$ cat protein20.cif   # mmCIF, C-alpha atoms
data_query
loop_
_atom_site.group_PDB
_atom_site.id
_atom_site.type_symbol
_atom_site.label_atom_id
_atom_site.label_comp_id
_atom_site.auth_asym_id
_atom_site.auth_seq_id
_atom_site.Cartn_x
_atom_site.Cartn_y
_atom_site.Cartn_z
ATOM 1 C CA MET Y 1 92.514 -120.395 -9.084
ATOM 2 C CA ASP Y 2 94.434 -117.242 -10.055
ATOM 3 C CA GLU Y 3 92.281 -116.084 -12.920
ATOM 4 C CA THR Y 4 90.650 -112.714 -12.818
ATOM 5 C CA ILE Y 5 87.014 -112.535 -11.767
ATOM 6 C CA SER Y 6 85.166 -109.881 -13.758
ATOM 7 C CA ILE Y 7 81.849 -108.473 -12.606
ATOM 8 C CA VAL Y 8 79.541 -106.447 -14.817
ATOM 9 C CA LEU Y 9 77.584 -104.539 -12.217
ATOM 10 C CA PHE Y 10 74.420 -103.090 -13.741
ATOM 11 C CA SER Y 11 71.970 -103.044 -10.806
ATOM 12 C CA GLY Y 12 71.754 -100.093 -8.454
ATOM 13 C CA THR Y 13 69.805 -101.384 -5.458
ATOM 14 C CA ASP Y 14 71.566 -101.922 -2.135
ATOM 15 C CA ASP Y 15 70.875 -105.673 -2.066
ATOM 16 C CA LYS Y 16 72.475 -106.291 -5.458
ATOM 17 C CA LEU Y 17 75.352 -103.911 -4.703
ATOM 18 C CA GLN Y 18 75.902 -105.857 -1.484
ATOM 19 C CA ALA Y 19 75.897 -109.141 -3.409
ATOM 20 C CA ALA Y 20 78.491 -107.741 -5.807
ATOM 21 C CA ALA Y 21 80.630 -106.469 -2.924
ATOM 22 C CA VAL Y 22 80.631 -109.920 -1.300
ATOM 23 C CA LEU Y 23 81.701 -111.591 -4.555
ATOM 24 C CA ALA Y 24 84.405 -108.984 -5.163
ATOM 25 C CA ALA Y 25 85.713 -109.047 -1.592
ATOM 26 C CA GLY Y 26 85.773 -112.835 -1.482
ATOM 27 C CA ALA Y 27 87.796 -113.040 -4.686
ATOM 28 C CA ALA Y 28 90.176 -110.341 -3.442
ATOM 29 C CA ALA Y 29 90.700 -112.179 -0.151
ATOM 30 C CA LEU Y 30 91.572 -115.327 -2.108
ATOM 31 C CA GLY Y 31 94.190 -113.388 -4.041
ATOM 32 C CA ARG Y 32 92.309 -113.303 -7.332
ATOM 33 C CA PRO Y 33 92.273 -110.073 -9.340
ATOM 34 C CA VAL Y 34 88.816 -108.510 -9.564
ATOM 35 C CA LYS Y 35 87.619 -106.211 -12.322
ATOM 36 C CA ILE Y 36 84.267 -104.478 -11.960
ATOM 37 C CA LEU Y 37 82.516 -102.645 -14.795
ATOM 38 C CA LEU Y 38 79.780 -100.255 -13.601
ATOM 39 C CA GLN Y 39 76.824 -99.829 -15.928
ATOM 40 C CA TYR Y 40 73.617 -97.810 -15.689
ATOM 41 C CA TRP Y 41 71.993 -97.909 -12.259
ATOM 42 C CA ALA Y 42 75.084 -99.304 -10.513
ATOM 43 C CA LEU Y 43 77.124 -96.469 -12.023
ATOM 44 C CA ASP Y 44 74.495 -94.008 -10.822
ATOM 45 C CA ALA Y 45 74.801 -95.430 -7.289
ATOM 46 C CA PHE Y 46 78.542 -94.696 -7.303
ATOM 47 C CA ARG Y 47 77.985 -90.947 -7.740
ATOM 48 C CA ALA Y 48 79.977 -89.143 -5.066
ATOM 49 C CA ASP Y 49 76.923 -87.212 -3.894
ATOM 50 C CA ARG Y 50 74.758 -90.274 -3.397
ATOM 51 C CA ILE Y 51 76.940 -93.336 -2.871
ATOM 52 C CA ALA Y 52 76.042 -93.478 0.836
ATOM 53 C CA ALA Y 53 72.343 -92.822 0.271
ATOM 54 C CA ASP Y 54 69.558 -95.384 0.443
ATOM 55 C CA HIS Y 55 69.441 -97.108 -2.936
ATOM 56 C CA GLY Y 56 66.426 -99.214 -2.079
ATOM 57 C CA LEU Y 57 66.025 -102.896 -2.747
ATOM 58 C CA ALA Y 58 64.877 -104.952 -5.717
ATOM 59 C CA ALA Y 59 61.083 -105.245 -5.995
ATOM 60 C CA GLU Y 60 61.249 -108.939 -5.106
ATOM 61 C CA ALA Y 61 62.455 -108.024 -1.603
ATOM 62 C CA GLY Y 62 59.041 -106.772 -0.566
ATOM 63 C CA ALA Y 63 58.363 -105.488 2.928
ATOM 64 C CA ALA Y 64 59.675 -108.629 4.631
ATOM 65 C CA GLY Y 65 62.903 -108.475 2.662
ATOM 66 C CA LYS Y 66 63.394 -104.840 3.541
ATOM 67 C CA ALA Y 67 62.850 -105.574 7.229
ATOM 68 C CA ALA Y 68 65.435 -108.375 7.094
ATOM 69 C CA PHE Y 69 67.925 -106.237 5.188
ATOM 70 C CA ASP Y 70 67.533 -103.288 7.577
ATOM 71 C CA ALA Y 71 67.864 -105.579 10.604
ATOM 72 C CA ALA Y 72 71.125 -106.959 9.203
ATOM 73 C CA ALA Y 73 72.476 -103.437 8.739
ATOM 74 C CA ARG Y 74 71.550 -102.538 12.335
ATOM 75 C CA ALA Y 75 73.224 -105.748 13.531
ATOM 76 C CA GLY Y 76 76.495 -104.503 12.097
ATOM 77 C CA HIS Y 77 76.689 -106.087 8.659
ATOM 78 C CA ALA Y 78 79.167 -104.024 6.676
ATOM 79 C CA HIS Y 79 77.818 -101.604 4.066
ATOM 80 C CA TRP Y 80 78.796 -102.551 0.529
ATOM 81 C CA THR Y 81 80.975 -99.432 0.186
ATOM 82 C CA ASP Y 82 83.018 -100.500 3.243
ATOM 83 C CA SER Y 83 83.429 -104.057 1.953
ATOM 84 C CA LEU Y 84 84.628 -102.701 -1.401
ATOM 85 C CA ARG Y 85 87.015 -100.179 0.158
ATOM 86 C CA MET Y 86 88.520 -102.874 2.355
ATOM 87 C CA ALA Y 87 88.729 -105.303 -0.574
ATOM 88 C CA LYS Y 88 90.607 -102.651 -2.563
ATOM 89 C CA GLU Y 89 93.082 -102.123 0.279
ATOM 90 C CA LEU Y 90 93.717 -105.825 0.704
ATOM 91 C CA GLY Y 91 93.612 -107.123 -2.835
ATOM 92 C CA ASP Y 92 93.624 -106.288 -6.495
ATOM 93 C CA VAL Y 93 90.213 -104.736 -7.187
ATOM 94 C CA ASP Y 94 89.781 -102.411 -10.157
ATOM 95 C CA ILE Y 95 86.494 -100.545 -10.670
ATOM 96 C CA GLN Y 96 85.767 -98.948 -14.015
ATOM 97 C CA ALA Y 97 82.794 -96.942 -15.246
ATOM 98 C CA CYS Y 98 81.290 -98.073 -18.532
ATOM 99 C CA SER Y 99 81.872 -95.239 -20.967
ATOM 100 C CA GLN Y 100 78.510 -95.694 -22.678
ATOM 101 C CA SER Y 101 76.679 -95.487 -19.345
ATOM 102 C CA MET Y 102 78.701 -92.380 -18.443
ATOM 103 C CA ASP Y 103 77.418 -90.824 -21.639
ATOM 104 C CA VAL Y 104 73.789 -91.881 -21.097
ATOM 105 C CA LEU Y 105 73.817 -90.519 -17.528
ATOM 106 C CA LYS Y 106 75.811 -87.458 -18.566
ATOM 107 C CA LEU Y 107 78.519 -88.052 -15.951
ATOM 108 C CA GLN Y 108 82.170 -87.003 -15.657
ATOM 109 C CA GLN Y 109 84.641 -89.046 -13.631
ATOM 110 C CA SER Y 110 84.770 -86.146 -11.167
ATOM 111 C CA ASP Y 111 81.094 -86.852 -10.348
ATOM 112 C CA LEU Y 112 82.004 -90.334 -9.126
ATOM 113 C CA ASP Y 113 83.210 -91.593 -5.757
ATOM 114 C CA PRO Y 114 86.987 -92.261 -5.528
ATOM 115 C CA LEU Y 115 86.187 -95.992 -5.434
ATOM 116 C CA VAL Y 116 85.893 -95.712 -9.233
ATOM 117 C CA ASP Y 117 89.332 -95.982 -10.830
ATOM 118 C CA GLY Y 118 88.514 -94.893 -14.339
ATOM 119 C CA VAL Y 119 86.333 -95.146 -17.409
ATOM 120 C CA GLU Y 120 86.613 -97.911 -19.970
ATOM 121 C CA GLY Y 121 84.808 -99.430 -22.900
ATOM 122 C CA VAL Y 122 83.658 -102.962 -23.573
ATOM 123 C CA ALA Y 123 86.740 -104.043 -25.543
ATOM 124 C CA ALA Y 124 89.125 -103.210 -22.692
ATOM 125 C CA PHE Y 125 86.774 -104.950 -20.282
ATOM 126 C CA TYR Y 126 86.847 -108.190 -22.324
ATOM 127 C CA VAL Y 127 90.603 -108.081 -22.833
ATOM 128 C CA ASN Y 128 91.142 -107.577 -19.090
ATOM 129 C CA ALA Y 129 88.691 -110.368 -18.298
ATOM 130 C CA GLY Y 130 90.922 -112.730 -20.277
ATOM 131 C CA GLU Y 131 90.120 -116.386 -19.619
ATOM 132 C CA GLY Y 132 88.529 -115.600 -16.278
ATOM 133 C CA GLN Y 133 84.825 -115.758 -15.595
ATOM 134 C CA ILE Y 134 82.402 -112.895 -16.069
ATOM 135 C CA ILE Y 135 79.502 -112.354 -13.696
ATOM 136 C CA PHE Y 136 76.531 -110.073 -14.441
ATOM 137 C CA ILE Y 137 74.674 -108.500 -11.509
ATOM 138 C CA MET L 1 93.271 -125.052 24.458
ATOM 139 C CA SER L 2 96.727 -125.082 22.927
ATOM 140 C CA ASP L 3 99.973 -123.377 23.746
ATOM 141 C CA LEU L 4 100.678 -122.006 20.292
ATOM 142 C CA ASP L 5 102.549 -118.722 20.052
ATOM 143 C CA ILE L 6 99.820 -116.538 18.532
ATOM 144 C CA LYS L 7 101.134 -113.203 17.291
ATOM 145 C CA LEU L 8 97.770 -111.590 16.648
ATOM 146 C CA LYS L 9 94.219 -112.401 17.702
ATOM 147 C CA VAL L 10 91.259 -111.007 15.777
ATOM 148 C CA ASP L 11 87.694 -111.232 17.003
ATOM 149 C CA ALA L 12 85.358 -111.181 13.998
ATOM 150 C CA SER L 13 82.355 -112.248 16.089
ATOM 151 C CA GLY L 14 79.089 -110.791 14.871
ATOM 152 C CA LEU L 15 80.526 -109.986 11.454
ATOM 153 C CA SER L 16 79.187 -111.744 8.418
ATOM 154 C CA CYS L 17 80.625 -112.704 5.050
ATOM 155 C CA PRO L 18 82.800 -111.211 3.589
ATOM 156 C CA MET L 19 84.160 -109.444 6.676
ATOM 157 C CA PRO L 20 85.679 -112.471 8.474
ATOM 158 C CA ILE L 21 87.943 -113.367 5.554
ATOM 159 C CA LEU L 22 88.702 -109.704 4.857
ATOM 160 C CA LYS L 23 89.771 -109.335 8.511
ATOM 161 C CA ALA L 24 91.904 -112.484 8.170
ATOM 162 C CA THR L 25 93.524 -111.131 4.995
ATOM 163 C CA GLN L 26 94.257 -107.853 6.749
ATOM 164 C CA ALA L 27 95.614 -109.579 9.858
ATOM 165 C CA ILE L 28 97.891 -112.052 8.083
ATOM 166 C CA LYS L 29 99.665 -109.178 6.295
ATOM 167 C CA THR L 30 100.733 -107.690 9.637
ATOM 168 C CA VAL L 31 102.707 -110.731 10.805
ATOM 169 C CA ASN L 32 105.858 -112.267 9.374
ATOM 170 C CA SER L 33 106.072 -115.434 7.355
ATOM 171 C CA GLY L 34 105.765 -118.419 9.678
ATOM 172 C CA GLU L 35 103.969 -116.494 12.426
ATOM 173 C CA LEU L 36 100.464 -117.344 13.668
ATOM 174 C CA ILE L 37 97.216 -115.437 13.840
ATOM 175 C CA GLU L 38 93.981 -116.498 15.505
ATOM 176 C CA ILE L 39 90.524 -115.517 14.228
ATOM 177 C CA LEU L 40 87.251 -115.909 16.123
ATOM 178 C CA ALA L 41 84.025 -115.837 14.105
ATOM 179 C CA THR L 42 80.351 -116.536 14.666
ATOM 180 C CA ASP L 43 79.321 -116.523 10.994
ATOM 181 C CA PRO L 44 78.378 -120.127 10.093
ATOM 182 C CA GLY L 45 79.721 -119.604 6.559
ATOM 183 C CA SER L 46 83.187 -119.143 8.028
ATOM 184 C CA VAL L 47 83.405 -122.861 8.842
ATOM 185 C CA LYS L 48 83.939 -123.618 5.155
ATOM 186 C CA ASP L 49 85.179 -120.193 4.085
ATOM 187 C CA PHE L 50 88.321 -120.232 6.199
ATOM 188 C CA PRO L 51 89.673 -123.622 5.104
ATOM 189 C CA SER L 52 89.034 -122.563 1.482
ATOM 190 C CA TRP L 53 90.825 -119.281 2.070
ATOM 191 C CA ALA L 54 93.755 -121.112 3.650
ATOM 192 C CA ALA L 55 94.003 -123.571 0.748
ATOM 193 C CA SER L 56 93.829 -120.798 -1.848
ATOM 194 C CA THR L 57 96.252 -118.356 -0.230
ATOM 195 C CA GLY L 58 98.751 -120.886 1.123
ATOM 196 C CA ASN L 59 98.349 -119.637 4.700
ATOM 197 C CA ALA L 60 98.156 -122.974 6.532
ATOM 198 C CA LEU L 61 95.189 -123.697 8.788
ATOM 199 C CA VAL L 62 96.993 -124.917 11.879
ATOM 200 C CA GLU L 63 94.104 -125.371 14.281
ATOM 201 C CA GLN L 64 90.326 -125.188 14.103
ATOM 202 C CA ASP L 65 87.745 -125.671 16.821
ATOM 203 C CA SER L 66 84.456 -124.313 18.101
ATOM 204 C CA ALA L 67 82.908 -123.593 21.462
ATOM 205 C CA ASN L 68 79.854 -121.644 22.629
ATOM 206 C CA GLY L 69 78.808 -120.745 19.088
ATOM 207 C CA LYS L 70 82.199 -119.251 18.286
ATOM 208 C CA PHE L 71 84.489 -120.745 15.672
ATOM 209 C CA ARG L 72 88.226 -120.451 16.222
ATOM 210 C CA PHE L 73 90.850 -120.678 13.490
ATOM 211 C CA VAL L 74 94.627 -120.416 13.727
ATOM 212 C CA PHE L 75 96.606 -119.697 10.557
ATOM 213 C CA ARG L 76 100.311 -119.604 9.808
ATOM 214 C CA ARG L 77 101.406 -116.955 7.346
ATOM 215 C CA LYS L 78 102.933 -118.467 4.220
#

$ encode --input "protein20.cif" --output "structure tokens"
Amino acid sequence: MDETISIVLFSGTDDKLQAAAVLAAGAAALGRPVKILLQYWALDAFRADRIAADHGLAAEAGAAGKAAFDAAARAGHAHWTDSLRMAKELGDVDIQACSQSMDVLKLQQSDLDPLVDGVEGVAAFYVNAGEGQIIFI
Amino acid sequence: MSDLDIKLKVDASGLSCPMPILKATQAIKTVNSGELIEILATDPGSVKDFPSWAASTGNALVEQDSANGKFRFVFRRK
């Protein structure tokens, strides 16, 4: 139960980012190292100038899903950025930007929120994942 | 109720997963090995989450009960 949990986070909507934050925070609280690789729309959501903005929800949420999600936020459910920040403080959580996605989106690390620790490629991601499981969101 | 010497009490009522276990992780770091913390939660997931967290981290679950929709857990820091 000590193996690293690696999450390839591709999706940029608030519901999927929330799901990723829960999985990362849970692993961190259990003392397991967490490695997150941000690709495409997830990477875009971590831009410093828009990380706290409304990233919408997946199409499958529909109006009812949005109402439920918004109600949960009003009821005090933590925002995914807060769950991730707290997880980083309490455990071993490393967040890297996929270098290919950085190139596609024309981003520099300075464009990204401080939650992002660096930029890496796929080989480093696999080596760091080791024997642990890899989750794609 | 018990007469355990609880060093720190955390009320995570109203918070949902993953906050209750994050709060527990944060709280347990502030006490010394062998000392006790108490967590209150209303999140139904916490009923199974906390024993799993205790088993995985080695922080023993000393007491667990529920009343009025609130779940109470007492842990001893490893």

$ closest_atom_pairs --input "protein20.cif" --of "chain Y" --to "chain L" --cutoff "6 Å" --atoms "all atoms listed in the file" --output "Markdown table"
| residue | atom | partner | partner_atom | distance |
| --- | --- | --- | --- | --- |
| Y:Val22 | CA | L:Pro18 | CA | 5.5 |
| Y:Ala29 | CA | L:Leu22 | CA | 5.9 |
| Y:Leu30 | CA | L:Trp53 | CA | 5.8 |

$ resolve_selection --input "protein20.cif" --expression "the PyMOL selection byres ((chain Y and resi 48) around 12)" --output "ChimeraX atom specification"
/Y:43-47,49-53,81,107-116

$ residues_near_point --input "protein20.cif" --point "(90.1, -121.1, 12.6)" --cutoff "6 Å" --atoms "only C-alpha atoms" --output "PyMOL selection string"
chain L and resi 39+64+72-74

$ write_last_selection --input "protein20.cif" --atoms "C-alpha atoms" --output "compact mmCIF listing (two decimals), in the coordinates of the input"
# COMPACT_ATOMS: atom_id res chain seq x y z
CA ILE L 39 90.52 -115.52 14.23
CA GLN L 64 90.33 -125.19 14.10
CA ARG L 72 88.23 -120.45 16.22
CA PHE L 73 90.85 -120.68 13.49
CA VAL L 74 94.63 -120.42 13.73

$ atom_distance --input "protein20.cif" --atom1 "atom CA of L:Ile6" --atom2 "atom CA of L:Glu38"
6.6 Å

$ residues_around --input "protein20.cif" --residues "L:Ala67" --least-positions-apart "6" --cutoff "12 Å" --atoms "all atoms listed in the file" --output "PyMOL selection string"
chain L and resi 1+40-42+73

$ axis_aligned_box --input "protein20.cif" --around "stretch 103-106 of chain Y" --padding-each-side "5 Å" --output "lines of an AutoDock Vina configuration file"
center_x = 75.6
center_y = -89.7
center_z = -19.6
size_x = 13.6
size_y = 14.4
size_z = 14.1

$ atom_distance --input "protein20.cif" --atom1 "atom CA of L:Ala27" --atom2 "atom CA of Y:Leu37"
28.8 Å

$ residues_around --input "protein20.cif" --residues "Y:Ser99" --least-positions-apart "4" --cutoff "12 Å" --atoms "only C-alpha atoms" --output "list in words"
Leu37, Leu38, Gln39, Tyr40, Leu43, Asp103, Val104, Leu105, Lys106, Leu107, Gln108, Gln109, Gly118, Val119, Glu120, Gly121, Val122, Ala123, Ala124 and Phe125 of chain Y

$ write_last_selection --input "protein20.cif" --atoms "C-alpha atoms" --output "PDB file, keeping the file's coordinate frame"
ATOM      1  CA  LEU Y  37      82.516-102.645 -14.795  1.00  0.00           C
ATOM      2  CA  LEU Y  38      79.780-100.255 -13.601  1.00  0.00           C
ATOM      3  CA  GLN Y  39      76.824 -99.829 -15.928  1.00  0.00           C
ATOM      4  CA  TYR Y  40      73.617 -97.810 -15.689  1.00  0.00           C
ATOM      5  CA  LEU Y  43      77.124 -96.469 -12.023  1.00  0.00           C
ATOM      6  CA  ASP Y 103      77.418 -90.824 -21.639  1.00  0.00           C
ATOM      7  CA  VAL Y 104      73.789 -91.881 -21.097  1.00  0.00           C
ATOM      8  CA  LEU Y 105      73.817 -90.519 -17.528  1.00  0.00           C
ATOM      9  CA  LYS Y 106      75.811 -87.458 -18.566  1.00  0.00           C
ATOM     10  CA  LEU Y 107      78.519 -88.052 -15.951  1.00  0.00           C
ATOM     11  CA  GLN Y 108      82.170 -87.003 -15.657  1.00  0.00           C
ATOM     12  CA  GLN Y 109      84.641 -89.046 -13.631  1.00  0.00           C
ATOM     13  CA  GLY Y 118      88.514 -94.893 -14.339  1.00  0.00           C
ATOM     14  CA  VAL Y 119      86.333 -95.146 -17.409  1.00  0.00           C
ATOM     15  CA  GLU Y 120      86.613 -97.911 -19.970  1.00  0.00           C
ATOM     16  CA  GLY Y 121      84.808 -99.430 -22.900  1.00  0.00           C
ATOM     17  CA  VAL Y 122      83.658-102.962 -23.573  1.00  0.00           C
ATOM     18  CA  ALA Y 123      86.740-104.043 -25.543  1.00  0.00           C
ATOM     19  CA  ALA Y 124      89.125-103.210 -22.692  1.00  0.00           C
ATOM     20  CA  PHE Y 125      86.774-104.950 -20.282  1.00  0.00           C
TER      21      PHE Y 125
END

$ resolve_selection --input "protein20.cif" --expression "the PyMOL selection byres ((chain Y and resi 24-27) around 10)" --output "ChimeraX atom specification"
/Y:1-7,18-23,28-36,80,83-88,90-94 /L:17-22,49,53

$ resolve_selection --input "protein20.cif" --expression "the PyMOL selection byres ((chain Y and resi 58) around 10)" --output "PDB file with C-alpha atoms, in the frame of the given file"
ATOM      1  CA  SER Y  11      71.970-103.044 -10.806  1.00  0.00           C
ATOM      2  CA  GLY Y  12      71.754-100.093  -8.454  1.00  0.00           C
ATOM      3  CA  THR Y  13      69.805-101.384  -5.458  1.00  0.00           C
ATOM      4  CA  ASP Y  14      71.566-101.922  -2.135  1.00  0.00           C
ATOM      5  CA  ASP Y  15      70.875-105.673  -2.066  1.00  0.00           C
ATOM      6  CA  LYS Y  16      72.475-106.291  -5.458  1.00  0.00           C
ATOM      7  CA  HIS Y  55      69.441 -97.108  -2.936  1.00  0.00           C
ATOM      8  CA  GLY Y  56      66.426 -99.214  -2.079  1.00  0.00           C
ATOM      9  CA  LEU Y  57      66.025-102.896  -2.747  1.00  0.00           C
ATOM     10  CA  ALA Y  59      61.083-105.245  -5.995  1.00  0.00           C
ATOM     11  CA  GLU Y  60      61.249-108.939  -5.106  1.00  0.00           C
ATOM     12  CA  ALA Y  61      62.455-108.024  -1.603  1.00  0.00           C
ATOM     13  CA  GLY Y  62      59.041-106.772  -0.566  1.00  0.00           C
ATOM     14  CA  GLY Y  65      62.903-108.475   2.662  1.00  0.00           C
ATOM     15  CA  LYS Y  66      63.394-104.840   3.541  1.00  0.00           C
TER      16      LYS Y  66
END

$ atom_distance --input "protein20.cif" --atom1 "atom CA of L:Ser33" --atom2 "atom CA of L:Arg76"
7.5 Å

$ residues_near_point --input "protein20.cif" --point "(103.8, -114.3, 8.9)" --cutoff "10 Å" --atoms "all atoms listed in the file" --output "list in words"
Lys7, Ala27, Ile28, Lys29, Thr30, Val31, Asn32, Ser33, Gly34, Glu35, Leu36, Ile37, Asn59, Phe75, Arg76, Arg77 and Lys78 of chain L

$ write_last_selection --input "protein20.cif" --atoms "C-alpha atoms" --output "PDB file, in the frame of the given file"
ATOM      1  CA  LYS L   7     101.134-113.203  17.291  1.00  0.00           C
ATOM      2  CA  ALA L  27      95.614-109.579   9.858  1.00  0.00           C
ATOM      3  CA  ILE L  28      97.891-112.052   8.083  1.00  0.00           C
ATOM      4  CA  LYS L  29      99.665-109.178   6.295  1.00  0.00           C
ATOM      5  CA  THR L  30     100.733-107.690   9.637  1.00  0.00           C
ATOM      6  CA  VAL L  31     102.707-110.731  10.805  1.00  0.00           C
ATOM      7  CA  ASN L  32     105.858-112.267   9.374  1.00  0.00           C
ATOM      8  CA  SER L  33     106.072-115.434   7.355  1.00  0.00           C
ATOM      9  CA  GLY L  34     105.765-118.419   9.678  1.00  0.00           C
ATOM     10  CA  GLU L  35     103.969-116.494  12.426  1.00  0.00           C
ATOM     11  CA  LEU L  36     100.464-117.344  13.668  1.00  0.00           C
ATOM     12  CA  ILE L  37      97.216-115.437  13.840  1.00  0.00           C
ATOM     13  CA  ASN L  59      98.349-119.637   4.700  1.00  0.00           C
ATOM     14  CA  PHE L  75      96.606-119.697  10.557  1.00  0.00           C
ATOM     15  CA  ARG L  76     100.311-119.604   9.808  1.00  0.00           C
ATOM     16  CA  ARG L  77     101.406-116.955   7.346  1.00  0.00           C
ATOM     17  CA  LYS L  78     102.933-118.467   4.220  1.00  0.00           C
TER      18      LYS L  78
END

$ decode --input "protein20.cif" --residues "stretch 115-129 of chain Y" --atoms "N, CA and C atoms" --output "compact mmCIF listing (two decimals), in the first residue's frame"
# COMPACT_ATOMS: atom_id res chain seq x y z
N LEU Y 115 0.89 25.67 -8.03
CA LEU Y 115 0.59 24.26 -7.74
C LEU Y 115 1.40 23.35 -8.66
N VAL Y 116 1.75 23.84 -9.85
CA VAL Y 116 2.50 23.02 -10.81
C VAL Y 116 3.98 23.09 -10.49
N ASP Y 117 4.58 21.90 -10.25
CA ASP Y 117 5.97 21.85 -9.80
C ASP Y 117 6.99 21.90 -10.92
N GLY Y 118 6.58 21.52 -12.11
CA GLY Y 118 7.56 21.51 -13.20
C GLY Y 118 6.95 20.98 -14.48
N VAL Y 119 7.84 20.74 -15.44
CA VAL Y 119 7.43 20.23 -16.75
C VAL Y 119 8.16 18.92 -16.97
N GLU Y 120 7.46 17.90 -17.45
CA GLU Y 120 8.18 16.66 -17.73
C GLU Y 120 7.59 15.98 -18.96
N GLY Y 121 8.33 15.01 -19.44
CA GLY Y 121 7.88 14.25 -20.60
C GLY Y 121 7.37 12.89 -20.17
N VAL Y 122 6.91 12.13 -21.13
CA VAL Y 122 6.25 10.86 -20.86
C VAL Y 122 7.20 9.81 -20.26
N ALA Y 123 8.47 9.84 -20.66
CA ALA Y 123 9.40 8.82 -20.14
C ALA Y 123 9.59 9.00 -18.63
N ALA Y 124 9.81 10.25 -18.21
CA ALA Y 124 9.98 10.53 -16.78
C ALA Y 124 8.72 10.15 -16.03
N PHE Y 125 7.57 10.44 -16.62
CA PHE Y 125 6.30 10.10 -15.97
C PHE Y 125 6.23 8.59 -15.72
N TYR Y 126 6.55 7.77 -16.74
CA TYR Y 126 6.47 6.32 -16.57
C TYR Y 126 7.48 5.80 -15.57
N VAL Y 127 8.69 6.34 -15.61
CA VAL Y 127 9.72 5.90 -14.67
C VAL Y 127 9.27 6.23 -13.24
N ASN Y 128 8.74 7.43 -13.03
CA ASN Y 128 8.27 7.81 -11.70
C ASN Y 128 7.05 7.02 -11.25
N ALA Y 129 6.25 6.58 -12.21
CA ALA Y 129 5.07 5.79 -11.87
C ALA Y 129 5.48 4.42 -11.34
